[in-house]
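Next up, my_file.cif (mmCIF, C-alpha atoms):
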data_protein
loop_
_atom_site.label_atom_id
_atom_site.label_comp_id
_atom_site.auth_asym_id
_atom_site.auth_seq_id
_atom_site.Cartn_x
_atom_site.Cartn_y
_atom_site.Cartn_z
CA MET O 1 -15.43 17.29 -3.77
CA THR O 2 -16.08 13.72 -4.94
CA PRO O 3 -19.75 12.94 -5.57
CA ASP O 4 -21.31 10.01 -3.71
CA ILE O 5 -23.88 7.50 -4.80
CA THR O 6 -26.20 5.65 -2.44
CA VAL O 7 -27.73 2.22 -2.83
CA ASP O 8 -30.61 0.95 -0.71
CA VAL O 9 -30.46 -2.84 -0.93
CA GLY O 10 -33.89 -3.06 0.76
CA SER O 11 -35.55 -0.89 -1.88
CA PRO O 12 -37.86 -2.48 -4.49
CA THR O 13 -35.79 -0.68 -7.15
CA PRO O 14 -32.95 -3.02 -8.20
CA PRO O 15 -29.47 -1.82 -7.10
CA TYR O 16 -28.21 -1.66 -10.71
CA GLU O 17 -31.05 0.72 -11.56
CA GLN O 18 -30.30 2.88 -8.52
CA ILE O 19 -26.66 3.14 -9.62
CA ARG O 20 -27.57 3.79 -13.26
CA SER O 21 -30.09 6.52 -12.48
CA GLN O 22 -27.81 8.34 -10.01
CA LEU O 23 -24.84 8.26 -12.39
CA ALA O 24 -27.04 9.43 -15.26
CA ASP O 25 -28.32 12.31 -13.12
CA LEU O 26 -24.76 13.29 -12.16
CA VAL O 27 -23.70 13.33 -15.83
CA ARG O 28 -26.76 15.32 -16.94
CA ALA O 29 -26.28 17.80 -14.08
CA GLY O 30 -22.66 18.31 -15.08
CA VAL O 31 -21.32 17.06 -11.74
CA LEU O 32 -19.50 14.36 -13.70
CA ALA O 33 -17.80 16.02 -16.66
CA GLU O 34 -16.87 14.52 -20.00
CA GLY O 35 -13.59 12.60 -19.59
CA ASP O 36 -14.03 11.91 -15.85
CA ARG O 37 -13.01 8.37 -14.94
CA LEU O 38 -15.47 6.27 -12.97
CA PRO O 39 -14.29 3.79 -10.32
CA THR O 40 -13.60 0.27 -11.53
CA MET O 41 -16.59 -2.06 -11.31
CA ARG O 42 -14.81 -4.17 -8.72
CA ALA O 43 -13.92 -1.18 -6.51
CA LEU O 44 -17.41 0.36 -6.64
CA ALA O 45 -18.99 -3.02 -5.93
CA ALA O 46 -16.64 -3.51 -2.95
CA ASP O 47 -17.43 -0.05 -1.57
CA LEU O 48 -21.18 -0.70 -1.83
CA GLY O 49 -20.97 -4.33 -0.67
CA ILE O 50 -22.78 -5.63 -3.77
CA ALA O 51 -21.88 -8.02 -6.59
CA THR O 52 -19.53 -6.82 -9.32
CA GLY O 53 -22.08 -7.96 -11.92
CA THR O 54 -24.59 -5.46 -10.53
CA VAL O 55 -22.24 -2.55 -11.18
CA ALA O 56 -21.30 -4.06 -14.56
CA ARG O 57 -24.97 -4.05 -15.60
CA ALA O 58 -25.38 -0.40 -14.54
CA TYR O 59 -22.25 0.59 -16.48
CA ALA O 60 -23.43 -1.40 -19.53
CA GLU O 61 -26.78 0.42 -19.56
CA LEU O 62 -25.06 3.79 -19.19
CA GLU O 63 -22.80 2.88 -22.10
CA ALA O 64 -25.80 1.88 -24.20
CA ALA O 65 -27.31 5.31 -23.42
CA GLY O 66 -24.12 7.01 -24.60
CA LEU O 67 -23.31 8.51 -21.20
CA VAL O 68 -20.10 6.53 -20.55
CA ALA O 69 -17.62 4.50 -22.58
CA SER O 70 -15.44 1.57 -21.56
CA ARG O 71 -11.87 1.93 -22.76
CA ARG O 72 -9.15 -0.66 -22.53
CA ARG O 73 -6.48 1.58 -21.00
CA THR O 74 -8.46 4.13 -18.99
CA GLY O 75 -11.45 2.08 -17.85
CA THR O 76 -14.93 3.59 -17.82
CA VAL O 77 -15.04 7.31 -18.63
CA VAL O 78 -17.87 9.81 -18.91
CA THR O 79 -18.76 10.72 -22.50
CA GLY O 80 -22.15 12.38 -22.02
CA ARG O 81 -22.56 16.13 -21.79
CA PRO O 82 -24.66 17.98 -19.19
CA VAL O 83 -28.20 18.87 -20.13
CA VAL O 84 -28.81 22.59 -19.95
CA GLY O 85 -31.97 23.00 -17.83
CA SER O 86 -34.31 25.91 -17.37
CA ALA O 87 -33.44 28.84 -15.12
CA ALA O 88 -35.88 27.51 -12.52
CA GLU O 89 -34.22 24.07 -12.56
CA THR O 90 -30.79 25.66 -12.18
CA ALA O 91 -32.02 27.68 -9.21
CA VAL O 92 -33.45 24.57 -7.50
CA ARG O 93 -30.19 22.72 -8.14
CA ARG O 94 -28.24 25.58 -6.52
CA SER O 95 -30.60 25.49 -3.53
CA ALA O 96 -30.00 21.73 -3.19
CA THR O 97 -26.25 22.28 -3.14
CA LEU O 98 -26.65 24.96 -0.46
CA LEU O 99 -28.89 22.61 1.56
CA VAL O 100 -26.26 19.86 1.47
CA GLU O 101 -23.53 22.29 2.55
CA GLN O 102 -25.73 23.55 5.40
CA ALA O 103 -26.58 19.99 6.49
CA ARG O 104 -22.92 18.93 6.51
CA ALA O 105 -21.98 22.02 8.52
CA ALA O 106 -24.69 21.08 11.03
CA GLY O 107 -23.33 17.53 11.27
CA LEU O 108 -26.40 15.86 9.73
CA ASP O 109 -25.88 12.66 7.78
CA GLY O 110 -27.23 12.02 4.27
CA GLU O 111 -30.08 9.80 5.42
CA THR O 112 -31.43 12.47 7.78
CA VAL O 113 -31.33 15.06 5.02
CA LEU O 114 -33.09 12.74 2.57
CA ALA O 115 -35.76 12.01 5.20
CA MET O 116 -36.32 15.75 5.63
CA ILE O 117 -36.68 16.23 1.86
CA ARG O 118 -39.09 13.30 1.58
CA SER O 119 -41.13 14.75 4.41
CA ALA O 120 -41.14 18.17 2.75
CA LEU O 121 -42.20 16.65 -0.57
CA ALA O 122 -45.01 14.71 1.11
CA THR O 123 -46.40 17.72 2.99
CA GLY O 124 -45.99 20.02 0.02
CA ARG O 125 -48.25 18.05 -2.32
CA MET J 1 28.93 -14.46 15.48
CA ALA J 2 27.39 -14.05 12.05
CA LEU J 3 24.00 -13.47 13.65
CA LEU J 4 25.20 -10.62 15.87
CA PRO J 5 24.37 -7.84 13.35
CA LEU J 6 20.94 -9.39 12.96
CA LEU J 7 20.28 -9.42 16.69
CA PHE J 8 21.52 -5.83 16.93
CA ALA J 9 19.12 -4.74 14.17
CA LEU J 10 16.29 -6.67 15.85
CA VAL J 11 16.84 -5.02 19.24
CA LEU J 12 17.09 -1.59 17.58
CA ALA J 13 13.89 -2.25 15.64
CA LEU J 14 12.00 -3.34 18.75
CA SER J 15 13.16 -0.25 20.64
CA LEU J 16 12.10 2.02 17.78
CA GLY J 17 8.77 0.23 17.49
CA ALA J 18 8.04 0.57 21.20
CA GLY J 19 8.96 4.25 21.11
CA ALA J 20 6.91 4.92 17.99
CA ALA J 21 3.86 3.14 19.41
CA ALA J 22 4.08 5.29 22.50
CA VAL J 23 4.14 8.63 20.67
CA ARG J 24 1.96 8.13 17.56
CA ARG J 25 -1.66 8.09 18.67
CA SER J 26 -4.47 9.16 16.36
CA PRO J 27 -7.41 11.07 17.86
CA VAL J 28 -10.50 9.05 18.79
CA SER J 29 -13.30 9.10 16.20
CA LEU J 30 -17.04 9.32 16.93
CA GLU J 31 -17.93 7.37 13.77
CA SER J 32 -18.47 3.67 14.51
CA THR J 33 -17.30 2.64 11.03
CA VAL J 34 -14.00 4.48 11.54
CA VAL J 35 -13.56 2.98 15.01
CA ALA J 36 -14.15 -0.53 13.61
CA ALA J 37 -11.75 0.04 10.72
CA ARG J 38 -9.02 1.39 12.99
CA ARG J 39 -9.45 -1.50 15.41
CA HIS J 40 -9.13 -3.96 12.52
CA ALA J 41 -6.06 -2.15 11.15
CA ALA J 42 -4.35 -2.11 14.56
CA LEU J 43 -5.07 -5.81 15.14
CA THR J 44 -3.80 -6.72 11.66
CA ALA J 45 -0.63 -4.64 12.05
CA ALA J 46 0.17 -6.12 15.46
CA THR J 47 -0.47 -9.68 14.21
CA ALA J 48 1.67 -9.12 11.12
CA ARG J 49 4.59 -7.80 13.17
CA THR J 50 4.32 -10.50 15.82
CA LEU J 51 4.06 -13.40 13.36
CA GLY J 52 6.79 -11.86 11.19
CA LEU J 53 9.14 -11.55 14.15
CA VAL J 54 8.33 -15.07 15.38
CA ALA J 55 9.04 -16.49 11.91
CA ALA J 56 12.23 -14.42 11.60
CA VAL J 57 13.56 -15.42 15.02
CA GLY J 58 12.57 -19.03 14.36
CA THR J 59 14.52 -18.97 11.11
CA ALA J 60 17.55 -17.41 12.81
CA VAL J 61 17.53 -19.85 15.72
CA THR J 62 16.93 -23.03 13.78
CA GLY J 63 19.09 -21.97 10.82
CA ALA J 64 17.40 -23.06 7.64
CA PHE J 65 20.74 -23.89 6.06
CA SER J 66 22.40 -25.38 9.14
CA ASP J 67 23.66 -28.42 7.30
CA GLY J 68 27.33 -27.69 7.96
CA ARG J 69 28.07 -26.27 4.51
CA ALA J 70 30.43 -23.33 4.30
CA GLY J 71 28.42 -20.10 4.05
CA ALA J 72 25.30 -21.61 5.65
CA ALA J 73 25.23 -19.00 8.44
CA GLY J 74 25.45 -16.18 5.89
CA LEU J 75 22.53 -17.60 3.92
CA THR J 76 20.48 -17.82 7.12
CA VAL J 77 21.18 -14.16 7.92
CA LEU J 78 20.03 -13.18 4.41
CA LEU J 79 16.94 -15.37 4.69
CA VAL J 80 15.72 -13.96 8.04
CA PRO J 81 14.49 -10.54 6.74
CA VAL J 82 12.96 -12.23 3.70
CA VAL J 83 10.96 -14.57 5.96
CA TYR J 84 9.89 -11.60 8.11
CA ALA J 85 8.75 -9.61 5.07
CA VAL J 86 6.91 -12.55 3.49
CA VAL J 87 4.96 -13.40 6.66
CA HIS J 88 4.34 -9.71 7.46
CA THR J 89 3.03 -8.96 3.95
CA VAL J 90 0.83 -12.07 3.73
CA VAL J 91 -0.80 -11.31 7.11
CA LEU J 92 -1.41 -7.69 6.05
CA ALA J 93 -2.96 -8.85 2.76
CA VAL J 94 -5.28 -11.23 4.62
CA GLY J 95 -6.18 -8.36 6.95
CA GLU J 96 -7.09 -6.15 3.99
CA LEU J 97 -9.16 -8.94 2.44
CA THR J 98 -11.13 -9.22 5.70
CA TRP J 99 -11.55 -5.45 6.07
CA PRO J 100 -14.95 -4.41 7.56
CA ARG J 101 -17.60 -4.80 4.84
CA PRO J 102 -20.40 -2.32 4.13
CA ALA J 103 -23.42 -3.17 6.30
CA GLY J 104 -27.02 -2.02 6.58
CA ASP J 105 -29.60 -1.46 3.88
CA VAL J 106 -28.34 1.93 2.73
CA ARG J 107 -24.73 1.98 1.44
CA ARG J 108 -22.80 4.97 0.21
CA ALA J 109 -19.71 5.14 -1.99
CA GLY J 110 -17.64 8.00 -3.36
CA LEU J 111 -17.06 8.02 -7.10
CA VAL J 112 -13.31 8.05 -6.69
CA ARG J 113 -10.99 6.01 -8.87
CA ARG J 114 -8.12 4.41 -6.97
CA GLY J 115 -4.92 3.33 -8.71
CA LEU J 116 -2.42 0.73 -7.48
CA LEU J 117 0.02 3.27 -6.06
CA ASP J 118 -2.33 6.16 -5.27
CA ALA J 119 -2.35 5.39 -1.55
CA ALA J 120 1.33 4.43 -1.30
CA PRO J 121 3.28 7.05 0.70
CA ARG J 122 6.02 8.50 -1.49
CA ARG J 123 8.47 8.59 1.45
CA LEU J 124 8.46 4.77 1.40
CA LEU J 125 7.69 4.09 -2.27
CA ARG J 126 10.69 6.00 -3.60
CA PRO J 127 13.21 4.37 -1.21
CA ALA J 128 11.68 0.95 -1.97
CA VAL J 129 12.09 1.40 -5.74
CA GLY J 130 15.61 2.77 -5.20
CA ALA J 131 16.56 -0.08 -2.87
CA ALA J 132 15.25 -2.62 -5.38
CA ALA J 133 17.40 -1.09 -8.12
CA VAL J 134 20.49 -1.06 -5.86
CA ALA J 135 19.78 -4.66 -4.81
CA ALA J 136 19.63 -5.77 -8.46
CA LEU J 137 22.89 -3.95 -9.19
CA VAL J 138 24.68 -5.44 -6.16
CA LEU J 139 23.45 -8.96 -6.87
CA VAL J 140 24.48 -8.90 -10.54
CA ALA J 141 27.83 -7.19 -9.89
CA GLY J 142 28.59 -9.57 -7.01
CA GLY J 143 27.70 -12.56 -9.13
CA LEU J 144 29.91 -11.45 -12.02
CA LEU J 145 32.89 -10.53 -9.81
CA GLY J 146 32.67 -13.56 -7.52
CA GLY J 147 34.84 -16.64 -7.88
CA PRO J 148 33.72 -20.01 -9.28
CA ASP J 149 32.57 -21.10 -5.79
CA GLY J 150 30.18 -18.12 -5.76
CA ARG J 151 31.29 -16.84 -2.36
CA SER J 152 34.86 -15.59 -2.74
CA PHE J 153 36.63 -12.75 -4.51
CA THR J 154 40.11 -12.98 -6.01
CA TYR J 155 42.22 -9.97 -6.94
CA THR J 156 45.37 -10.37 -9.03
CA VAL J 157 48.17 -7.83 -9.58
CA GLY J 158 50.40 -8.55 -12.58
CA ASN J 159 50.07 -10.36 -15.89
CA GLY J 160 50.47 -13.92 -14.66
CA GLY J 161 54.26 -14.00 -14.98
CA GLU J 162 56.89 -13.72 -12.30
CA GLY J 163 56.00 -11.22 -9.57
CA THR J 164 52.29 -11.70 -9.96
CA LEU J 165 50.40 -11.27 -6.70
CA SER J 166 47.02 -12.78 -6.02
CA GLN J 167 44.75 -12.49 -2.98
CA SER J 168 41.41 -14.20 -2.30
CA ALA J 169 38.86 -13.36 0.35
CA SER J 170 35.62 -14.93 1.49
CA PRO J 171 32.74 -14.43 2.11
CA PHE J 172 31.85 -12.37 -0.95
CA PRO J 173 28.31 -11.90 -2.37
CA GLY J 174 28.75 -14.06 -5.49
CA TRP J 175 26.06 -16.29 -6.96
CA PHE J 176 26.15 -18.60 -3.91
CA TYR J 177 24.57 -15.84 -1.81
CA GLY J 178 23.13 -13.80 -4.66
CA LEU J 179 20.78 -16.32 -6.26
CA PRO J 180 18.86 -17.29 -3.08
CA THR J 181 18.73 -13.62 -2.07
CA ALA J 182 17.43 -12.58 -5.50
CA ALA J 183 14.77 -15.30 -5.37
CA GLY J 184 13.69 -14.30 -1.86
CA LEU J 185 13.57 -10.57 -2.58
CA SER J 186 11.64 -11.21 -5.81
CA VAL J 187 9.00 -13.09 -3.81
CA VAL J 188 8.84 -10.20 -1.32
CA ALA J 189 8.45 -7.65 -4.14
CA ALA J 190 5.72 -9.68 -5.86
CA LEU J 191 3.82 -10.12 -2.59
CA ALA J 192 4.13 -6.40 -1.82
CA VAL J 193 2.67 -5.46 -5.22
CA ALA J 194 -0.18 -7.95 -4.73
CA ALA J 195 -0.87 -6.58 -1.23
CA LEU J 196 -0.87 -3.00 -2.55
CA TRP J 197 -3.46 -4.07 -5.13
CA VAL J 198 -5.62 -5.53 -2.35
CA VAL J 199 -5.25 -2.26 -0.40
CA ALA J 200 -6.31 -0.23 -3.46
CA THR J 201 -9.41 -2.35 -4.13
CA ARG J 202 -10.68 -3.03 -0.60
CA PRO J 203 -14.00 -1.44 0.43
CA ALA J 204 -13.86 2.19 1.46
CA VAL J 205 -14.65 3.08 5.05
CA VAL J 206 -18.02 4.81 5.23
CA THR J 207 -17.25 8.21 6.73
CA ASP J 208 -18.40 11.76 6.22
CA ASP J 209 -14.76 12.85 6.11
CA ALA J 210 -12.93 11.65 2.98
CA ARG J 211 -9.58 12.51 4.62
CA ILE J 212 -10.09 9.72 7.16
CA GLU J 213 -10.72 7.12 4.45
CA GLN J 214 -7.63 8.27 2.54
CA ALA J 215 -5.50 8.21 5.72
CA LEU J 216 -6.61 4.68 6.61
CA ARG J 217 -5.76 3.44 3.11
CA ARG J 218 -2.43 5.30 3.15
CA ALA J 219 -1.59 3.69 6.51
CA SER J 220 -2.37 0.23 5.06
CA ALA J 221 -0.08 0.83 2.08
CA HIS J 222 2.57 2.22 4.44
CA ARG J 223 2.60 -1.02 6.46
CA VAL J 224 2.88 -3.15 3.30
CA LEU J 225 5.77 -1.09 1.93
CA GLN J 226 7.74 -0.88 5.17
CA GLY J 227 8.09 -4.68 5.50
CA ALA J 228 9.33 -5.06 1.93
CA LEU J 229 11.62 -2.03 2.24
CA ALA J 230 13.15 -3.35 5.46
CA ALA J 231 14.00 -6.69 3.81
CA LEU J 232 15.45 -5.00 0.73
CA LEU J 233 17.59 -2.61 2.78
CA PHE J 234 18.83 -5.28 5.19
CA ASP J 235 19.86 -7.82 2.55
CA THR J 236 21.36 -5.26 0.18
CA GLY J 237 23.20 -3.50 3.01
CA GLY J 238 24.48 -6.80 4.34
CA LEU J 239 25.80 -7.84 0.93
CA LEU J 240 27.48 -4.45 0.44
CA PHE J 241 29.11 -4.66 3.88
CA VAL J 242 30.41 -8.16 3.25
CA SER J 243 31.74 -7.19 -0.17
CA GLY J 244 33.63 -4.34 1.52
CA THR J 245 35.28 -6.73 3.97
CA ALA J 246 36.38 -8.94 1.05
CA MET J 247 38.30 -6.18 -0.75
CA PRO J 248 42.03 -7.08 -0.90
CA ASP J 249 44.79 -5.04 0.74
CA ILE J 250 47.01 -5.42 -2.32
CA GLY J 251 46.54 -3.29 -5.41
CA PRO J 252 45.76 0.41 -5.83
CA ALA J 253 44.78 2.72 -2.96
CA TRP J 254 41.29 3.34 -4.38
CA LEU J 255 40.45 -0.30 -3.69
CA GLY J 256 40.96 0.30 0.03
CA ALA J 257 38.81 3.44 -0.13
CA LEU J 258 36.12 1.49 -1.99
CA ALA J 259 36.13 -1.14 0.77
CA VAL J 260 35.50 1.53 3.41
CA VAL J 261 32.70 3.10 1.34
CA LEU J 262 31.02 -0.27 0.80
CA MET J 263 31.16 -1.10 4.51
CA VAL J 264 29.87 2.31 5.63
CA VAL J 265 27.03 2.34 3.07
CA GLY J 266 26.19 -1.28 3.88
CA ALA J 267 26.06 -0.65 7.63
CA ALA J 268 23.93 2.46 7.07
CA MET J 269 21.46 0.45 4.96
CA VAL J 270 21.19 -2.24 7.66
CA LEU J 271 20.45 0.44 10.27
CA ALA J 272 17.96 2.09 7.89
CA SER J 273 16.17 -1.24 7.53
CA ALA J 274 15.45 -1.27 11.27
CA VAL J 275 14.13 2.29 11.09
CA ALA J 276 11.97 1.44 8.04
CA ALA J 277 10.51 -1.65 9.72
CA PHE J 278 9.02 0.40 12.55
CA LEU J 279 8.42 3.79 10.95
CA PRO J 280 5.04 4.95 12.34
CA ALA J 281 2.14 4.88 9.90
CA PRO J 282 0.50 8.20 8.95
CA ARG J 283 -1.94 9.45 11.56
CA VAL J 284 -5.66 9.34 10.95
CA PRO J 285 -6.97 12.92 11.20
CA ALA J 286 -9.46 13.97 13.83
CA ASP J 287 -13.15 14.04 12.95
CA ALA J 288 -14.31 17.10 11.02
CA PRO J 289 -15.57 19.83 13.40
CA ALA J 290 -19.12 19.33 12.10
CA LEU J 291 -19.09 15.72 13.27
CA VAL J 292 -17.68 16.52 16.67
CA GLY J 293 -20.52 19.00 17.05
#

Structure re-expressed in structure tokens:
Amino acid sequence: MTPDITVDVGSPTPPYEQIRSQLADLVRAGVLAEGDRLPTMRALAADLGIATGTVARAYAELEAAGLVASRRRTGTVVTGRPVVGSAAETAVRRSATLLVEQARAAGLDGETVLAMIRSALATGR
Amino acid sequence: MALLPLLFALVLALSLGAGAAAVRRSPVSLESTVVAARRHAALTAATARTLGLVAAVGTAVTGAFSDGRAGAAGLTVLLVPVVYAVVHTVVLAVGELTWPRPAGDVRRAGLVRRGLLDAAPRRLLRPAVGAAAVAALVLVAGGLLGGPDGRSFTYTVGNGGEGTLSQSASPFPGWFYGLPTAAGLSVVAALAVAALWVVATRPAVVTDDARIEQALRRASAHRVLQGALAALLFDTGGLLFVSGTAMPDIGPAWLGALAVVLMVVGAAMVLASAVAAFLPAPRVPADAPALVG
């Protein structure tokens, strides 16, 4: 299944930073493997309805961090390797995957699921 | 009289189109983004076909080369599908450029990389590439075999001495017909590639079912390819048919057999062009069961 990224253009966090952080998380979690090709800057910008320069800045920062590389023939590809987390982190990640599968089966959209998680985080403090 | 095959193909195409529209209905979606995208696609496709047909009929009726020159009617017949394909492809490209944009504060995108031909249905892409190769072959061979006037073919039996027989026939797809056709089909091919690029890079439809997004993009590429394929098949088939009629009845028996083969293949390609022009686009799948609830 193809991973998604979400950008909230009303958020105080700049869109390029939202893209950068989500892509970095996907690489570190191993969802994006070494050698995977990312969408072209133009295509990702079109899909998100934002400027191409915004995606270009996110890609440039990821490249500076050594997580992706821009190649003339193949475009932008993942070069970073997943970070091996603790057993507890792996278990939480597995639970998150199960939650997403359960939410999709129930017909809930991503925003509703995120709202539930935010609510759970707020009440669990 | 020269326009009769064209009118026949047009009537056949309209009948096929009406029939296809009646039987190919995709299921209704509950997602507003999918509904908007499908409405836009249907409007664009109908506009492209209508404007393409109006331009084609206009070209046939007015006769772009109706200046009294010999072969003018033949050039008009060859130009009509080119005009249809050009208008059809340009309207589709404009439709893709004005595809529904992402809206709202929160936008989502799949990390999928789309190549130029990823969405192009193979059942149209392969025939289009094949037809382009056959068209190039027919145009070059016709040009080389044609007479100095570019629209006749002369066959000679003997070595030029006593008893030498010579027979000429016209029309024949020499450079007179070949060069304008090659120019027109090259424009169609270039526009089709550009439109496919626009299809590949347009915004994705926001949907929880990736199959729907892929089907919508495949349908867009299908519409682009079918216009170009129809023009390629019609012009190439027409040239093959005409070259068959120009084969002489003197000379070896295989020449007569070749004439029949050229005419049959040419007529089949013209008929195939009408089928290609109105081949129904791939259906958009129904919503995933989870969405339907």

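Any residue of chain J with an atom no more than 6 Å from chain O counts as a contact; using only C-alpha atoms, that gives Pro102, Asp105, Val106, Arg107, Arg108, Ala109, Gly110, Leu111, Val112, Arg113, Thr201, Pro203, Ala204, Ala290 and Leu291 of chain J.
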
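Residue nearest Val205 (chain J), chosen from J:Thr47, J:Pro252, J:Gly130, J:Arg217 and counting all atoms listed in the file: J:Arg217.
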
Chain and number of each residue from the PyMOL selection byres ((chain J and resi 28-44) around 10), as a PDB file with C-alpha atoms, in the frame of the given file:
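In the end it all went to result.pdb:
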ATOM      1  CA  ARG J  25      -1.660   8.090  18.670  1.00  0.00           C
ATOM      2  CA  SER J  26      -4.470   9.160  16.360  1.00  0.00           C
ATOM      3  CA  PRO J  27      -7.410  11.070  17.860  1.00  0.00           C
ATOM      4  CA  ALA J  45      -0.630  -4.640  12.050  1.00  0.00           C
ATOM      5  CA  ALA J  46       0.170  -6.120  15.460  1.00  0.00           C
ATOM      6  CA  THR J  47      -0.470  -9.680  14.210  1.00  0.00           C
ATOM      7  CA  ALA J  48       1.670  -9.120  11.120  1.00  0.00           C
ATOM      8  CA  ARG J  49       4.590  -7.800  13.170  1.00  0.00           C
ATOM      9  CA  THR J  50       4.320 -10.500  15.820  1.00  0.00           C
ATOM     10  CA  HIS J  88       4.340  -9.710   7.460  1.00  0.00           C
ATOM     11  CA  VAL J  91      -0.800 -11.310   7.110  1.00  0.00           C
ATOM     12  CA  LEU J  92      -1.410  -7.690   6.050  1.00  0.00           C
ATOM     13  CA  ALA J  93      -2.960  -8.850   2.760  1.00  0.00           C
ATOM     14  CA  VAL J  94      -5.280 -11.230   4.620  1.00  0.00           C
ATOM     15  CA  GLY J  95      -6.180  -8.360   6.950  1.00  0.00           C
ATOM     16  CA  GLU J  96      -7.090  -6.150   3.990  1.00  0.00           C
ATOM     17  CA  THR J  98     -11.130  -9.220   5.700  1.00  0.00           C
ATOM     18  CA  TRP J  99     -11.550  -5.450   6.070  1.00  0.00           C
ATOM     19  CA  PRO J 100     -14.950  -4.410   7.560  1.00  0.00           C
ATOM     20  CA  ARG J 101     -17.600  -4.800   4.840  1.00  0.00           C
ATOM     21  CA  PRO J 102     -20.400  -2.320   4.130  1.00  0.00           C
ATOM     22  CA  ALA J 103     -23.420  -3.170   6.300  1.00  0.00           C
ATOM     23  CA  ALA J 204     -13.860   2.190   1.460  1.00  0.00           C
ATOM     24  CA  VAL J 205     -14.650   3.080   5.050  1.00  0.00           C
ATOM     25  CA  VAL J 206     -18.020   4.810   5.230  1.00  0.00           C
ATOM     26  CA  THR J 207     -17.250   8.210   6.730  1.00  0.00           C
ATOM     27  CA  ASP J 208     -18.400  11.760   6.220  1.00  0.00           C
ATOM     28  CA  ASP J 209     -14.760  12.850   6.110  1.00  0.00           C
ATOM     29  CA  ILE J 212     -10.090   9.720   7.160  1.00  0.00           C
ATOM     30  CA  GLU J 213     -10.720   7.120   4.450  1.00  0.00           C
ATOM     31  CA  LEU J 216      -6.610   4.680   6.610  1.00  0.00           C
ATOM     32  CA  ARG J 217      -5.760   3.440   3.110  1.00  0.00           C
ATOM     33  CA  ALA J 219      -1.590   3.690   6.510  1.00  0.00           C
ATOM     34  CA  SER J 220      -2.370   0.230   5.060  1.00  0.00           C
ATOM     35  CA  ARG J 223       2.600  -1.020   6.460  1.00  0.00           C
ATOM     36  CA  VAL J 284      -5.660   9.340  10.950  1.00  0.00           C
ATOM     37  CA  PRO J 285      -6.970  12.920  11.200  1.00  0.00           C
ATOM     38  CA  ALA J 286      -9.460  13.970  13.830  1.00  0.00           C
ATOM     39  CA  ASP J 287     -13.150  14.040  12.950  1.00  0.00           C
ATOM     40  CA  ALA J 288     -14.310  17.100  11.020  1.00  0.00           C
ATOM     41  CA  LEU J 291     -19.090  15.720  13.270  1.00  0.00           C
ATOM     42  CA  VAL J 292     -17.680  16.520  16.670  1.00  0.00           C
TER      43      VAL J 292
END

Between CA of Thr79 (chain O) and CA of Ala64 (chain O), what is the distance in Å, rounded to a tenth?
11.4 Å

Using the file's own x, y and z axes, so that the box edges lie along x, y and z, what centre and edge lengths in Å (one decimal) does a box around every listed atom of region 46-63 of chain O get when 3 Å is added on each side? Give it as JSON.
{"center_x": -21.7, "center_y": -2.1, "center_z": -11.4, "size_x": 16.1, "size_y": 17.8, "size_z": 27.4}
